[in-house]
file start_19.cif (mmCIF, C-alpha atoms)
data_target
#
loop_
_atom_site.label_atom_id
_atom_site.label_comp_id
_atom_site.auth_asym_id
_atom_site.auth_seq_id
_atom_site.Cartn_x
_atom_site.Cartn_y
_atom_site.Cartn_z
CA MET A 754 -6.87 -9.88 -3.07
CA LYS A 755 -3.78 -7.89 -4.04
CA ALA A 756 -5.79 -6.04 -6.71
CA GLY A 757 -8.36 -5.04 -4.08
CA ARG A 758 -5.65 -3.74 -1.77
CA THR A 759 -4.29 -1.63 -4.63
CA LEU A 760 -7.63 -0.32 -5.90
CA LEU A 761 -8.92 0.75 -2.48
CA PRO A 762 -6.18 3.35 -1.83
CA LEU A 763 -6.49 4.57 -5.42
CA ALA A 764 -10.25 4.99 -5.04
CA ILE A 765 -9.82 6.91 -1.78
CA ALA A 766 -7.13 9.10 -3.34
CA ALA A 767 -9.39 9.82 -6.35
CA LEU A 768 -12.36 10.97 -4.24
CA PRO A 769 -10.91 14.45 -3.45
CA LEU A 770 -10.24 15.00 -7.16
CA VAL A 771 -13.81 14.00 -8.00
CA LEU A 772 -15.17 16.35 -5.35
CA LEU A 773 -12.96 19.19 -6.57
CA PHE A 774 -14.02 18.62 -10.19
CA SER A 775 -17.68 18.55 -9.16
CA ALA A 776 -17.31 21.78 -7.15
CA VAL A 777 -15.59 23.61 -10.03
CA ARG A 778 -18.23 22.43 -12.47
CA THR A 779 -21.02 23.56 -10.12
CA PHE A 780 -19.44 27.00 -9.72
CA ASN A 781 -19.19 27.37 -13.51
CA GLU A 782 -22.83 26.41 -13.96
CA LEU A 783 -23.88 28.89 -11.28
CA SER A 784 -21.91 31.65 -13.03
CA GLU A 785 -23.74 30.83 -16.27
CA GLN A 786 -27.08 31.00 -14.46
CA ARG A 787 -26.06 34.39 -13.06
CA THR A 788 -25.36 35.68 -16.58
CA VAL A 789 -28.67 34.26 -17.87
CA TYR A 790 -30.57 36.02 -15.09
CA LEU A 791 -28.94 39.40 -15.80
CA ARG A 792 -29.58 39.03 -19.56
CA HIS A 793 -33.22 38.34 -18.79
CA ARG A 794 -33.48 41.50 -16.66
CA VAL A 795 -31.84 43.56 -19.41
CA ALA A 796 -34.19 42.12 -22.06
CA LEU A 797 -37.21 43.16 -19.97
CA LEU A 798 -35.84 46.70 -19.73
CA ALA A 799 -35.23 46.81 -23.52
CA ALA A 800 -38.80 45.67 -24.18
CA ARG A 801 -40.05 48.41 -21.87
CA LEU A 802 -38.04 51.01 -23.82
CA GLU A 803 -40.04 50.32 -27.01
CA ARG A 804 -43.23 51.41 -25.22
CA LEU A 805 -41.78 54.62 -23.85
CA ALA A 806 -41.78 57.85 -25.84
CA PRO A 807 -39.38 59.47 -26.17
CA PRO A 808 -36.94 56.78 -24.93
CA GLU A 809 -34.28 59.39 -24.19
CA ASN A 810 -36.31 60.40 -21.11
CA ALA A 811 -36.82 56.82 -19.84
CA TRP A 812 -34.25 56.87 -17.05
CA GLU A 813 -36.65 57.85 -14.26
CA THR A 814 -39.23 55.27 -15.26
CA LEU A 815 -36.78 52.39 -15.72
CA SER A 816 -34.76 53.16 -12.60
CA GLU A 817 -37.98 52.98 -10.57
CA GLU A 818 -38.82 49.60 -12.10
CA GLU A 819 -35.25 48.25 -11.84
CA PRO A 820 -33.41 49.52 -8.71
CA ASN A 821 -30.20 47.83 -9.91
CA LEU A 822 -30.06 49.93 -13.08
CA ALA A 823 -26.66 51.68 -12.90
CA GLY A 824 -26.60 53.39 -16.30
CA LEU A 825 -28.67 54.02 -19.41
CA GLU A 826 -27.69 55.56 -22.74
CA ILE A 827 -29.77 55.71 -25.94
CA ILE A 828 -27.55 55.66 -29.05
CA ALA A 829 -28.88 57.04 -32.34
CA PRO A 830 -27.31 56.21 -35.73
CA GLY A 831 -24.43 58.56 -36.39
CA GLY A 832 -24.72 60.08 -32.92
CA ALA A 833 -21.84 61.05 -30.68
CA SER A 834 -21.89 57.69 -28.90
CA ASP A 835 -22.13 55.66 -32.11
CA SER A 836 -19.01 53.69 -33.02
CA PRO A 837 -17.87 51.28 -35.76
CA GLY A 838 -17.96 48.52 -33.19
CA LEU A 839 -21.77 48.70 -33.13
CA ALA A 840 -22.16 48.11 -36.89
CA SER A 841 -23.18 44.49 -36.48
CA LEU A 842 -25.98 45.58 -34.14
CA TRP A 843 -27.26 48.21 -36.56
CA ASN A 844 -27.38 45.86 -39.54
CA GLY A 845 -29.00 43.01 -37.58
CA ARG A 846 -26.15 40.49 -37.76
CA GLU A 847 -25.91 40.68 -33.97
CA LEU A 848 -29.09 40.84 -31.89
CA PHE A 849 -27.67 41.22 -28.41
CA ARG A 850 -24.28 42.00 -26.89
CA THR A 851 -23.48 41.59 -23.21
CA GLY A 852 -20.49 41.46 -20.96
CA PHE A 853 -19.19 42.35 -17.51
CA GLU A 854 -17.34 45.63 -17.13
CA LYS A 855 -15.15 46.94 -14.33
CA LEU A 856 -16.04 50.51 -13.38
CA PRO A 857 -14.74 52.70 -10.54
CA GLU A 858 -18.11 52.23 -8.83
CA GLY A 859 -17.87 48.46 -9.13
CA GLU A 860 -18.63 45.67 -11.59
CA VAL A 861 -21.63 46.06 -13.89
CA PHE A 862 -23.34 43.86 -16.43
CA ARG A 863 -23.37 45.91 -19.66
CA ALA A 864 -25.70 45.17 -22.56
CA TRP A 865 -26.12 46.77 -25.99
CA VAL A 866 -29.70 46.07 -27.13
CA PRO A 867 -31.22 47.31 -30.46
CA PHE A 868 -34.88 48.34 -30.21
CA HIS A 869 -37.45 50.18 -32.36
CA ALA A 870 -38.58 53.56 -31.13
CA ALA A 871 -40.96 56.05 -32.70
CA ALA A 872 -38.00 57.87 -34.28
CA GLY A 873 -36.57 54.63 -35.73
CA LEU A 874 -33.92 52.04 -34.73
CA ARG A 875 -31.97 52.82 -31.60
CA ILE A 876 -29.43 50.98 -29.44
CA ALA A 877 -29.75 51.07 -25.66
CA ARG A 878 -26.64 50.64 -23.54
CA LEU A 879 -27.90 49.30 -20.24
CA ASP A 880 -25.74 48.82 -17.14
CA LEU A 881 -26.98 46.63 -14.29
CA ASN A 882 -25.18 46.17 -10.99
CA SER A 883 -23.79 42.63 -11.15
CA SER A 884 -24.74 42.21 -7.50
CA ALA A 885 -28.36 41.94 -8.65
CA ALA A 886 -27.80 38.23 -9.27
CA ASP A 887 -25.68 37.50 -6.21
CA PHE A 888 -28.66 35.99 -4.42
CA LEU A 889 -28.47 33.11 -6.92
CA LEU A 890 -24.89 32.35 -5.95
CA SER A 891 -24.52 33.07 -2.25
CA HIS A 892 -26.58 30.18 -0.88
CA ALA A 893 -25.54 27.84 -3.67
CA TRP A 894 -21.85 28.53 -3.14
CA HIS A 895 -22.32 28.03 0.58
CA ASN A 896 -24.00 24.67 0.00
CA VAL A 897 -21.34 23.55 -2.49
CA ILE A 898 -18.52 24.50 -0.10
CA VAL A 899 -20.23 22.70 2.80
CA ALA A 900 -20.80 19.61 0.64
CA THR A 901 -17.21 19.64 -0.59
CA LEU A 902 -15.78 20.02 2.89
CA GLY A 903 -18.11 17.28 4.10
CA GLY A 904 -16.91 15.01 1.31
CA LEU A 905 -13.28 15.72 2.12
CA ALA A 906 -13.99 15.00 5.78
CA LEU A 907 -15.50 11.66 4.77
CA VAL A 908 -12.40 10.92 2.69
CA VAL A 909 -10.17 11.69 5.67
CA LEU A 910 -12.31 9.51 7.93
CA SER A 911 -12.26 6.72 5.32
CA VAL A 912 -8.48 6.88 5.06
CA TYR A 913 -8.18 6.81 8.84
CA ALA A 914 -10.63 3.91 9.07
CA VAL A 915 -8.69 1.89 6.47
CA TRP A 916 -5.39 2.69 8.21
CA ALA A 917 -6.84 1.73 11.61
CA MET A 918 -8.26 -1.53 10.24
CA ARG A 919 -4.94 -2.48 8.65
CA ARG A 920 -3.04 -1.51 11.80
CA THR A 921 -5.40 -3.58 13.93
CA ALA A 922 -5.04 -6.52 11.54
CA ARG A 923 -1.24 -6.23 11.70
CA LEU A 924 -1.30 -6.07 15.50
CA GLN A 925 -3.61 -9.08 15.70
CA LEU A 926 -1.40 -11.01 13.30
CA ARG A 927 1.67 -10.03 15.30
CA GLN A 928 -0.04 -11.09 18.51
CA LEU A 929 -0.92 -14.46 17.00
CA GLU A 930 2.67 -14.87 15.82
CA MET A 931 3.98 -14.00 19.28
CA GLU A 932 1.59 -16.47 20.90
CA HIS A 933 2.63 -19.11 18.39
CA LEU A 934 6.31 -18.43 19.02
CA ALA A 935 5.72 -18.51 22.77
CA GLN A 936 4.11 -21.92 22.44
CA ILE A 937 7.03 -23.11 20.29
CA GLY A 938 9.45 -21.76 22.86
CA LYS A 939 7.71 -23.55 25.74
CA MET A 940 7.54 -26.80 23.80
CA SER A 941 11.17 -26.49 22.71
CA ALA A 942 12.31 -25.81 26.26
CA MET A 943 10.37 -28.81 27.55
CA LEU A 944 11.75 -31.12 24.86
CA ALA A 945 15.26 -29.78 25.33
CA HIS A 946 15.06 -30.34 29.08
CA GLU A 947 13.91 -33.92 28.54
CA ILE A 948 16.65 -34.56 25.98
CA ARG A 949 19.45 -32.93 27.94
CA ASN A 950 19.82 -35.57 30.67
CA PRO A 951 19.97 -38.67 28.41
CA LEU A 952 22.19 -36.75 26.00
CA GLY A 953 24.61 -35.99 28.83
CA THR A 954 24.65 -39.67 29.73
CA ILE A 955 25.40 -40.67 26.13
CA LYS A 956 28.17 -38.08 25.87
CA GLY A 957 29.73 -39.21 29.13
CA TYR A 958 29.79 -42.88 28.19
CA VAL A 959 31.16 -42.12 24.71
CA GLN A 960 33.99 -40.07 26.25
CA LEU A 961 34.68 -42.84 28.79
CA ALA A 962 34.67 -45.50 26.07
CA GLY A 963 37.01 -43.39 23.97
CA GLU A 964 39.49 -43.07 26.81
CA GLN A 965 39.60 -46.84 27.42
CA ALA A 966 39.26 -48.11 23.84
CA PRO A 967 42.09 -48.82 21.41
CA VAL A 968 43.01 -46.33 18.69
CA GLU A 969 40.85 -48.00 16.04
CA THR A 970 37.77 -47.80 18.24
CA ARG A 971 38.47 -44.18 19.19
CA THR A 972 38.39 -43.31 15.49
CA LEU A 973 34.93 -44.83 15.23
CA LEU A 974 33.71 -43.07 18.38
CA ALA A 975 34.97 -39.59 17.34
CA PRO A 976 32.02 -38.85 14.96
CA VAL A 977 29.58 -39.99 17.65
CA LEU A 978 31.11 -37.57 20.14
CA GLY A 979 31.05 -34.76 17.57
CA GLU A 980 27.38 -35.28 16.77
CA THR A 981 26.60 -35.51 20.48
CA GLN A 982 28.25 -32.15 21.04
CA ARG A 983 26.26 -30.69 18.13
CA LEU A 984 23.02 -31.96 19.68
CA GLU A 985 24.12 -30.52 23.01
CA ALA A 986 24.57 -27.11 21.38
CA LEU A 987 21.09 -27.41 19.84
CA VAL A 988 19.59 -28.26 23.23
CA ASN A 989 21.33 -25.29 24.82
CA ASP A 990 19.95 -22.98 22.09
CA LEU A 991 16.43 -24.33 22.58
CA LEU A 992 16.67 -23.82 26.33
CA ALA A 993 18.05 -20.30 25.88
CA TYR A 994 15.24 -19.40 23.50
CA GLY A 995 12.41 -20.94 25.53
CA ARG A 996 13.58 -19.74 28.93
CA PRO A 997 13.26 -15.99 29.60
CA PRO A 998 16.61 -14.55 30.74
CA LEU A 999 16.70 -12.97 34.18
CA PRO A 1000 19.29 -10.19 34.24
CA ASN A 1001 21.34 -9.41 37.32
CA ALA A 1002 22.58 -5.87 36.71
CA ALA A 1003 25.80 -4.65 38.28
CA PRO A 1004 28.43 -2.01 37.44
CA VAL A 1005 30.82 -3.27 34.73
CA ALA A 1006 33.84 -1.90 32.91
CA TRP A 1007 33.96 -2.32 29.14
CA LYS A 1008 37.67 -3.18 29.19
CA ASP A 1009 36.92 -6.37 31.20
CA ILE A 1010 34.23 -7.40 28.72
CA ALA A 1011 36.52 -6.54 25.80
CA VAL A 1012 39.29 -8.88 27.02
CA ALA A 1013 36.87 -11.80 27.40
CA LEU A 1014 35.28 -11.14 24.01
CA GLU A 1015 38.62 -11.03 22.21
CA GLN A 1016 39.77 -14.30 23.79
CA HIS A 1017 36.54 -16.12 23.01
CA GLY A 1018 36.41 -14.55 19.55
CA ARG A 1019 39.84 -15.90 18.65
CA SER A 1020 38.74 -19.32 19.88
CA LEU A 1021 35.61 -19.14 17.69
CA ALA A 1022 37.69 -18.17 14.66
CA GLY A 1023 39.98 -21.18 15.18
CA GLU A 1024 42.23 -21.67 12.18
CA ARG A 1025 40.25 -19.35 9.91
CA PRO A 1026 42.15 -16.27 8.64
CA VAL A 1027 39.65 -14.02 10.40
CA ARG A 1028 40.75 -11.37 12.86
CA VAL A 1029 38.57 -10.54 15.84
CA ILE A 1030 39.31 -7.02 17.08
CA VAL A 1031 37.62 -5.63 20.19
CA ALA A 1032 38.37 -1.93 20.65
CA ASP A 1033 39.19 -0.82 24.16
CA ALA A 1034 37.24 2.03 25.71
CA SER A 1035 37.33 3.57 29.17
CA ILE A 1036 33.62 3.46 29.85
CA GLU A 1037 31.59 2.01 32.70
CA PHE A 1038 27.90 1.26 32.87
CA THR A 1039 25.42 -0.98 34.67
CA THR A 1040 24.23 -4.21 33.09
CA ASP A 1041 24.38 -7.98 33.33
CA ALA A 1042 27.87 -8.70 32.01
CA ALA A 1043 27.18 -12.41 31.43
CA LEU A 1044 24.09 -11.84 29.31
CA LEU A 1045 25.79 -9.03 27.38
CA LYS A 1046 28.84 -11.20 26.62
CA GLN A 1047 26.55 -14.02 25.50
CA ALA A 1048 24.70 -11.69 23.13
CA LEU A 1049 27.93 -10.19 21.73
CA LEU A 1050 29.55 -13.62 21.27
CA ASN A 1051 26.49 -14.71 19.25
CA LEU A 1052 27.01 -11.70 16.98
CA ILE A 1053 30.77 -12.33 16.73
CA ARG A 1054 30.10 -15.98 15.84
CA ASN A 1055 27.64 -14.87 13.13
CA GLY A 1056 30.22 -12.42 11.76
CA ILE A 1057 32.93 -15.10 11.62
CA GLU A 1058 30.62 -17.64 9.98
CA ALA A 1059 29.45 -15.02 7.44
CA ILE A 1060 32.97 -14.79 6.00
CA PRO A 1061 33.47 -17.61 3.45
CA LEU A 1062 35.81 -20.44 4.48
CA GLY A 1063 39.42 -19.80 3.55
CA GLU A 1064 38.94 -16.08 2.95
CA ALA A 1065 40.58 -13.45 5.13
CA GLY A 1066 38.25 -11.13 6.98
CA GLU A 1067 37.67 -9.12 10.11
CA VAL A 1068 35.09 -8.84 12.85
CA SER A 1069 35.36 -5.68 14.94
CA VAL A 1070 33.58 -4.68 18.11
CA GLU A 1071 33.36 -1.10 19.36
CA ALA A 1072 31.63 0.49 22.35
CA GLY A 1073 30.97 4.11 23.24
CA ILE A 1074 28.71 6.50 25.11
CA GLU A 1075 25.92 7.58 22.77
CA SER A 1076 24.34 9.98 25.26
CA LYS A 1077 24.35 10.58 28.97
CA ASP A 1078 22.00 7.64 29.51
CA ARG A 1079 22.72 5.34 26.52
CA VAL A 1080 25.59 3.02 25.56
CA ALA A 1081 26.11 2.02 21.92
CA ILE A 1082 27.92 -1.19 20.92
CA THR A 1083 28.49 -2.20 17.29
CA VAL A 1084 29.70 -5.47 15.78
CA ARG A 1085 30.87 -5.25 12.15
CA ASP A 1086 32.08 -7.94 9.79
CA THR A 1087 33.58 -7.87 6.31
CA GLY A 1088 31.43 -10.66 4.98
CA PRO A 1089 29.33 -10.63 1.79
CA GLY A 1090 26.35 -8.96 3.48
CA ILE A 1091 22.72 -10.05 3.66
CA ASP A 1092 20.07 -9.88 0.94
CA ALA A 1093 17.10 -7.59 1.58
CA GLY A 1094 14.65 -10.50 1.50
CA VAL A 1095 16.57 -12.34 4.21
CA GLN A 1096 16.91 -9.21 6.38
CA MET A 1097 13.14 -9.06 6.82
CA ARG A 1098 13.21 -12.47 8.58
CA LEU A 1099 16.49 -12.25 10.47
CA PHE A 1100 14.94 -12.40 13.93
CA GLU A 1101 12.46 -15.17 13.20
CA PRO A 1102 13.34 -18.37 15.07
CA PHE A 1103 14.51 -21.40 13.10
CA VAL A 1104 15.21 -19.23 10.03
CA THR A 1105 18.79 -19.50 8.74
CA THR A 1106 20.69 -19.33 5.47
CA LYS A 1107 23.47 -21.58 6.76
CA THR A 1108 23.77 -25.27 6.10
CA PHE A 1109 24.18 -25.80 9.86
CA GLY A 1110 22.83 -24.32 13.07
CA THR A 1111 19.33 -23.87 14.47
CA GLY A 1112 18.52 -20.39 13.22
CA LEU A 1113 17.99 -19.28 16.82
CA GLY A 1114 21.14 -17.19 17.25
CA LEU A 1115 19.74 -13.76 16.42
CA ALA A 1116 16.36 -14.51 18.02
CA ILE A 1117 18.15 -15.40 21.27
CA THR A 1118 20.43 -12.37 20.95
CA ARG A 1119 17.53 -9.98 20.57
CA LYS A 1120 15.80 -11.58 23.55
CA LEU A 1121 18.97 -11.14 25.64
CA VAL A 1122 19.38 -7.50 24.59
CA GLY A 1123 15.68 -6.87 25.28
CA ALA A 1124 16.06 -8.36 28.76
CA LEU A 1125 18.85 -5.83 29.37
CA GLY A 1126 16.50 -2.99 28.39
CA GLY A 1127 18.13 -2.34 25.02
CA ASP A 1128 17.42 -2.83 21.35
CA LEU A 1129 19.22 -4.58 18.50
CA LYS A 1130 19.26 -3.51 14.85
CA ILE A 1131 20.94 -5.16 11.88
CA ALA A 1132 22.07 -3.17 8.83
CA SER A 1133 23.60 -4.81 5.79
CA ASP A 1134 24.17 -4.24 2.09
CA PRO A 1135 25.15 -7.08 -0.23
CA GLY A 1136 28.91 -6.98 -0.71
CA GLN A 1137 29.40 -4.40 2.07
CA GLY A 1138 29.35 -6.55 5.19
CA THR A 1139 26.93 -6.45 8.12
CA THR A 1140 26.67 -4.17 11.15
CA ALA A 1141 24.81 -5.10 14.33
CA ALA A 1142 24.04 -2.15 16.61
CA ILE A 1143 23.10 -2.58 20.26
CA ARG A 1144 21.89 0.30 22.40
CA LEU A 1145 21.62 -0.18 26.16
CA PRO A 1146 20.58 2.03 29.06
CA ARG A 1147 23.73 3.22 30.80
CA GLY A 1148 22.21 2.88 34.23
CA GLY A 1149 20.82 -0.63 33.70
CA ARG A 1150 17.24 -1.72 33.39
#

call {"tool": "encode", "arguments": {"input": "start_19.cif", "output": "structure tokens"}}
result
Amino acid sequence: MKAGRTLLPLAIAALPLVLLFSAVRTFNELSEQRTVYLRHRVALLAARLERLAPPENAWETLSEEEPNLAGLEIIAPGGASDSPGLASLWNGRELFRTGFEKLPEGEVFRAWVPFHAAAGLRIARLDLNSSAADFLLSHAWHNVIVATLGGLALVVLSVYAVWAMRRTARLQLRQLEMEHLAQIGKMSAMLAHEIRNPLGTIKGYVQLAGEQAPVETRTLLAPVLGETQRLEALVNDLLAYGRPPLPNAAPVAWKDIAVALEQHGRSLAGERPVRVIVADASIEFTTDAALLKQALLNLIRNGIEAIPLGEAGEVSVEAGIESKDRVAITVRDTGPGIDAGVQMRLFEPFVTTKTFGTGLGLAITRKLVGALGGDLKIASDPGQGTTAAIRLPRGGR
């Protein structure tokens, strides 16, 4: 399966190269055919020269038979036009010499052809307009260009089709995942609601028994109360995840939120040597303060828990105006950071790297931020800590 996914893009990428190679090869073959055609025309003229007497006066006759004849010269041995370069033609080691020449009047196909006249061996220098063979190339080149462009268009359409199919598959998979998560959320909320009432009863009776029991019994009841509180936190997380938040936007001042966050943050840190610093800022915006504080406290709790037990660290919160209609809030910690593999699944419910907790914290936080009309992004490098960035509309959703 993976090999097929790799070979398909490679095959599509190779198609333009194949088409280009085929076009270049076709053009080269057409150029060779053009040369062959011109050599054939020159050979016919040379054969005609042997039947004309004297050949020196053959221009009128040959130019009538070959309209593309641009020049004719008959060279006698030792004549003014004879040159050492023609020696191989005189002695028979070379039977034919051709080539294209650039003249002021244009390009010509020039041929030196030995022939036998009544006065003996002669060499004819024949010039044909190279355009005489253009009819072989014009339509062929047009067809090759059209075929090449058509092939490239097919490649583009194929690439688009593959991209569209993969995009559709990803969207369908994402939709199935969302439907699955929605079903999990509904089921979790229903179970949590059913568990919450009896759990509250158990917690109440354990607290009442602890108040009236002797010291020895209280020691035995303390773990029960602790586990009951842990289950209560799990139920609250399940309800928060399964129940869509309904924001109630109102004007808020960041300094009021900052004071509450710092107080709760210190309580979350407890006896850990972790400082929670919430920077003050004179900004106001419209949002649901309760939902925003809940989301930020989840991030602060994550930052505190990311710092190893017994180690000193810091969790800082800052807020500012990003633009005239956006507010930016960042939560940074000095923990060990998050591995790249874990970052890809941070917002999946019930996924956690901790030995405790439900793995719903970030999923709930993103849902809260989304309900406020904002977005949440997590950036982290191993050993460099983690930064959570929230961006909210300044005027509320």

call {"tool": "residues_near_point", "arguments": {"input": "start_19.cif", "point": "(-28.8, 47.4, -26.7)", "cutoff": "6 Å", "atoms": "only C-alpha atoms", "output": "PyMOL selection string"}}
result
chain A and resi 864-867+876-878

call {"tool": "resolve_selection", "arguments": {"input": "start_19.cif", "expression": "the PyMOL selection byres ((chain A and resi 831) around 12)", "output": "ChimeraX atom specification"}}
result
/A:828-830,832-837,839-840,843,874-876

call {"tool": "residues_around", "arguments": {"input": "start_19.cif", "residues": "stretch 1027-1043 of chain A", "least_positions_apart": "4", "cutoff": "7 Å", "atoms": "all atoms listed in the file", "output": "PyMOL selection string"}}
result
chain A and resi 1000-1008+1011+1015+1018-1019+1022+1047+1057+1065-1072+1125+1147-1149

call {"tool": "closest_residue", "arguments": {"input": "start_19.cif", "among": "A:Ala922, A:Ile898, A:Ile1143, A:Val915", "to": "A:Glu1075", "atoms": "all atoms listed in the file"}}
result
A:Ile1143

call {"tool": "resolve_selection", "arguments": {"input": "start_19.cif", "expression": "the PyMOL selection byres ((chain A and resi 1100) around 9)", "output": "PyMOL selection string"}}
result
chain A and resi 1096-1099+1101-1102+1104+1112-1119

call {"tool": "residues_near_point", "arguments": {"input": "start_19.cif", "point": "(33.7, -19.2, 20.9)", "cutoff": "12 Å", "atoms": "all atoms listed in the file", "output": "mmCIF file with C-alpha atoms, in the coordinates of the input"}}
result
data_model
loop_
_atom_site.group_PDB
_atom_site.id
_atom_site.type_symbol
_atom_site.label_atom_id
_atom_site.label_comp_id
_atom_site.auth_asym_id
_atom_site.auth_seq_id
_atom_site.Cartn_x
_atom_site.Cartn_y
_atom_site.Cartn_z
ATOM 1 C CA ALA A 1013 36.870 -11.800 27.400
ATOM 2 C CA LEU A 1014 35.280 -11.140 24.010
ATOM 3 C CA GLU A 1015 38.620 -11.030 22.210
ATOM 4 C CA GLN A 1016 39.770 -14.300 23.790
ATOM 5 C CA HIS A 1017 36.540 -16.120 23.010
ATOM 6 C CA GLY A 1018 36.410 -14.550 19.550
ATOM 7 C CA ARG A 1019 39.840 -15.900 18.650
ATOM 8 C CA SER A 1020 38.740 -19.320 19.880
ATOM 9 C CA LEU A 1021 35.610 -19.140 17.690
ATOM 10 C CA ALA A 1022 37.690 -18.170 14.660
ATOM 11 C CA GLY A 1023 39.980 -21.180 15.180
ATOM 12 C CA VAL A 1029 38.570 -10.540 15.840
ATOM 13 C CA LYS A 1046 28.840 -11.200 26.620
ATOM 14 C CA GLN A 1047 26.550 -14.020 25.500
ATOM 15 C CA ALA A 1048 24.700 -11.690 23.130
ATOM 16 C CA LEU A 1049 27.930 -10.190 21.730
ATOM 17 C CA LEU A 1050 29.550 -13.620 21.270
ATOM 18 C CA ASN A 1051 26.490 -14.710 19.250
ATOM 19 C CA LEU A 1052 27.010 -11.700 16.980
ATOM 20 C CA ILE A 1053 30.770 -12.330 16.730
ATOM 21 C CA ARG A 1054 30.100 -15.980 15.840
ATOM 22 C CA ASN A 1055 27.640 -14.870 13.130
ATOM 23 C CA GLY A 1056 30.220 -12.420 11.760
ATOM 24 C CA ILE A 1057 32.930 -15.100 11.620
ATOM 25 C CA GLU A 1058 30.620 -17.640 9.980
#
